[in-house]
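Visitor: The structure is given below, and queries will be raised subsequently.
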Amino acid sequence: MATIQKEIRKRSFLGKLIKWTFILFNLIMAFWLFSYWGSLGDISNQAGSKAERTGVAIGGTMGSGLIIFVWLAGAVILGIITLLTRGQKLLISEDQ
């Protein structure tokens, strides 16, 4: 006869709230980045001279870097908090 152990973690209300905050933050940041890139495409198409296109490219790179930095910093901070609010580990043994 074999024994199977399952590991279950049950989050509290605060843990669920933080988990959904983490997920929502990542979705918002992805939407912000892709909408920013879409705006850059529109601005780049309207740029007339080579200097304007170069400015859009440099500014777009700096803006994208800022958004990605904020995204990573927030994801790390919220990810750590999400891991800390997982709940206690419960081991359930089942005999087969």
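Letters A, B, ... go to the chains of the structure tokens in the order shown; residues in each chain start at 1; ligands are counted from 1 in the same order.
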Extract the full set of helix (DSSP H, G or I) residues from region 8-37 of chain A according to DSSP on the backbone, and format it as a list in words.

Guide: Phe13, Leu14, Gly15, Lys16, Leu17, Ile18, Lys19, Trp20, Thr21, Phe22, Ile23, Leu24, Phe25, Asn26, Leu27, Ile28, Met29, Ala30, Phe31, Trp32, Leu33, Phe34, Ser35, Tyr36 and Trp37 of chain A

Visitor: Could you write those residues out with N, CA and C atoms, as an mmCIF file, in the first residue's frame?

Guide:
data_model
loop_
_atom_site.group_PDB
_atom_site.id
_atom_site.type_symbol
_atom_site.label_atom_id
_atom_site.label_comp_id
_atom_site.auth_asym_id
_atom_site.auth_seq_id
_atom_site.Cartn_x
_atom_site.Cartn_y
_atom_site.Cartn_z
ATOM 1 N N PHE A 13 -7.303 36.298 3.517
ATOM 2 C CA PHE A 13 -7.879 37.353 2.683
ATOM 3 C C PHE A 13 -6.807 38.337 2.245
ATOM 4 N N LEU A 14 -5.924 38.704 3.154
ATOM 5 C CA LEU A 14 -4.834 39.623 2.817
ATOM 6 C C LEU A 14 -3.909 39.000 1.773
ATOM 7 N N GLY A 15 -3.620 37.726 1.902
ATOM 8 C CA GLY A 15 -2.784 37.034 0.924
ATOM 9 C C GLY A 15 -3.403 37.024 -0.461
ATOM 10 N N LYS A 16 -4.727 36.784 -0.523
ATOM 11 C CA LYS A 16 -5.426 36.805 -1.816
ATOM 12 C C LYS A 16 -5.429 38.202 -2.405
ATOM 13 N N LEU A 17 -5.617 39.213 -1.563
ATOM 14 C CA LEU A 17 -5.612 40.596 -2.021
ATOM 15 C C LEU A 17 -4.251 40.978 -2.591
ATOM 16 N N ILE A 18 -3.187 40.585 -1.917
ATOM 17 C CA ILE A 18 -1.838 40.894 -2.396
ATOM 18 C C ILE A 18 -1.533 40.121 -3.676
ATOM 19 N N LYS A 19 -1.959 38.884 -3.760
ATOM 20 C CA LYS A 19 -1.743 38.082 -4.975
ATOM 21 C C LYS A 19 -2.422 38.734 -6.174
ATOM 22 N N TRP A 20 -3.674 39.160 -6.018
ATOM 23 C CA TRP A 20 -4.387 39.793 -7.120
ATOM 24 C C TRP A 20 -3.836 41.178 -7.430
ATOM 25 N N THR A 21 -3.285 41.860 -6.426
ATOM 26 C CA THR A 21 -2.600 43.132 -6.672
ATOM 27 C C THR A 21 -1.371 42.901 -7.541
ATOM 28 N N PHE A 22 -0.627 41.841 -7.256
ATOM 29 C CA PHE A 22 0.557 41.485 -8.039
ATOM 30 C C PHE A 22 0.171 41.184 -9.494
ATOM 31 N N ILE A 23 -0.882 40.400 -9.689
ATOM 32 C CA ILE A 23 -1.328 40.048 -11.042
ATOM 33 C C ILE A 23 -1.819 41.284 -11.782
ATOM 34 N N LEU A 24 -2.622 42.105 -11.118
ATOM 35 C CA LEU A 24 -3.152 43.319 -11.739
ATOM 36 C C LEU A 24 -2.029 44.295 -12.089
ATOM 37 N N PHE A 25 -1.042 44.424 -11.207
ATOM 38 C CA PHE A 25 0.097 45.300 -11.478
ATOM 39 C C PHE A 25 0.820 44.864 -12.755
ATOM 40 N N ASN A 26 1.061 43.574 -12.909
ATOM 41 C CA ASN A 26 1.749 43.079 -14.100
ATOM 42 C C ASN A 26 0.928 43.302 -15.365
ATOM 43 N N LEU A 27 -0.373 43.115 -15.292
ATOM 44 C CA LEU A 27 -1.224 43.366 -16.451
ATOM 45 C C LEU A 27 -1.231 44.849 -16.828
ATOM 46 N N ILE A 28 -1.310 45.719 -15.835
ATOM 47 C CA ILE A 28 -1.293 47.163 -16.100
ATOM 48 C C ILE A 28 0.036 47.584 -16.707
ATOM 49 N N MET A 29 1.128 47.055 -16.196
ATOM 50 C CA MET A 29 2.440 47.429 -16.717
ATOM 51 C C MET A 29 2.625 46.933 -18.152
ATOM 52 N N ALA A 30 2.136 45.736 -18.455
ATOM 53 C CA ALA A 30 2.232 45.229 -19.828
ATOM 54 C C ALA A 30 1.398 46.098 -20.767
ATOM 55 N N PHE A 31 0.193 46.467 -20.339
ATOM 56 C CA PHE A 31 -0.645 47.340 -21.153
ATOM 57 C C PHE A 31 0.028 48.694 -21.366
ATOM 58 N N TRP A 32 0.628 49.253 -20.311
ATOM 59 C CA TRP A 32 1.299 50.549 -20.412
ATOM 60 C C TRP A 32 2.458 50.481 -21.414
ATOM 61 N N LEU A 33 3.263 49.437 -21.333
ATOM 62 C CA LEU A 33 4.415 49.309 -22.226
ATOM 63 C C LEU A 33 3.973 49.168 -23.683
ATOM 64 N N PHE A 34 2.999 48.306 -23.952
ATOM 65 C CA PHE A 34 2.563 48.097 -25.330
ATOM 66 C C PHE A 34 1.837 49.318 -25.893
ATOM 67 N N SER A 35 1.068 50.009 -25.057
ATOM 68 C CA SER A 35 0.414 51.222 -25.542
ATOM 69 C C SER A 35 1.443 52.327 -25.792
ATOM 70 N N TYR A 36 2.491 52.380 -24.978
ATOM 71 C CA TYR A 36 3.571 53.349 -25.191
ATOM 72 C C TYR A 36 4.280 53.076 -26.516
ATOM 73 N N TRP A 37 4.554 51.809 -26.787
ATOM 74 C CA TRP A 37 5.202 51.464 -28.054
ATOM 75 C C TRP A 37 4.300 51.797 -29.238
#

Visitor: Using DSSP secondary structure from the backbone, list all strand (DSSP E) positions within region 11-92 of chain A, as a list in words.

Guide: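 Taking region 11-92 of chain A and keeping strand (DSSP E) gives Lys89, Leu90, Leu91 and Ile92 of chain A.
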
Visitor: Please indicate the distance in Å from CA of Val76 (chain A) to CA of Glu7 (chain A), rounded to one decimal place.

Guide: 25.0 Å

Visitor: Would you compute the distance between CA of Ile68 (chain A) and CA of Leu83 (chain A)? Give it in Å to one decimal.

Guide: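 Interatomic distance here is 21.7 Å.
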
Visitor: Would you pick out the contacts of Thr3 (chain A) at 7 Å or less, using only C-alpha atoms, so that residues sharing its chain but fewer than 4 positions from it are not included, and give the list as a count of residues only?

Guide: 4

Visitor: Any idea what's packed within 9 Å of region 10-12 of chain A, counting only C-alpha atoms, ignoring anything in its chain fewer than 6 positions away? Could you give it as number ranges by chain?

Guide: A: 85-90
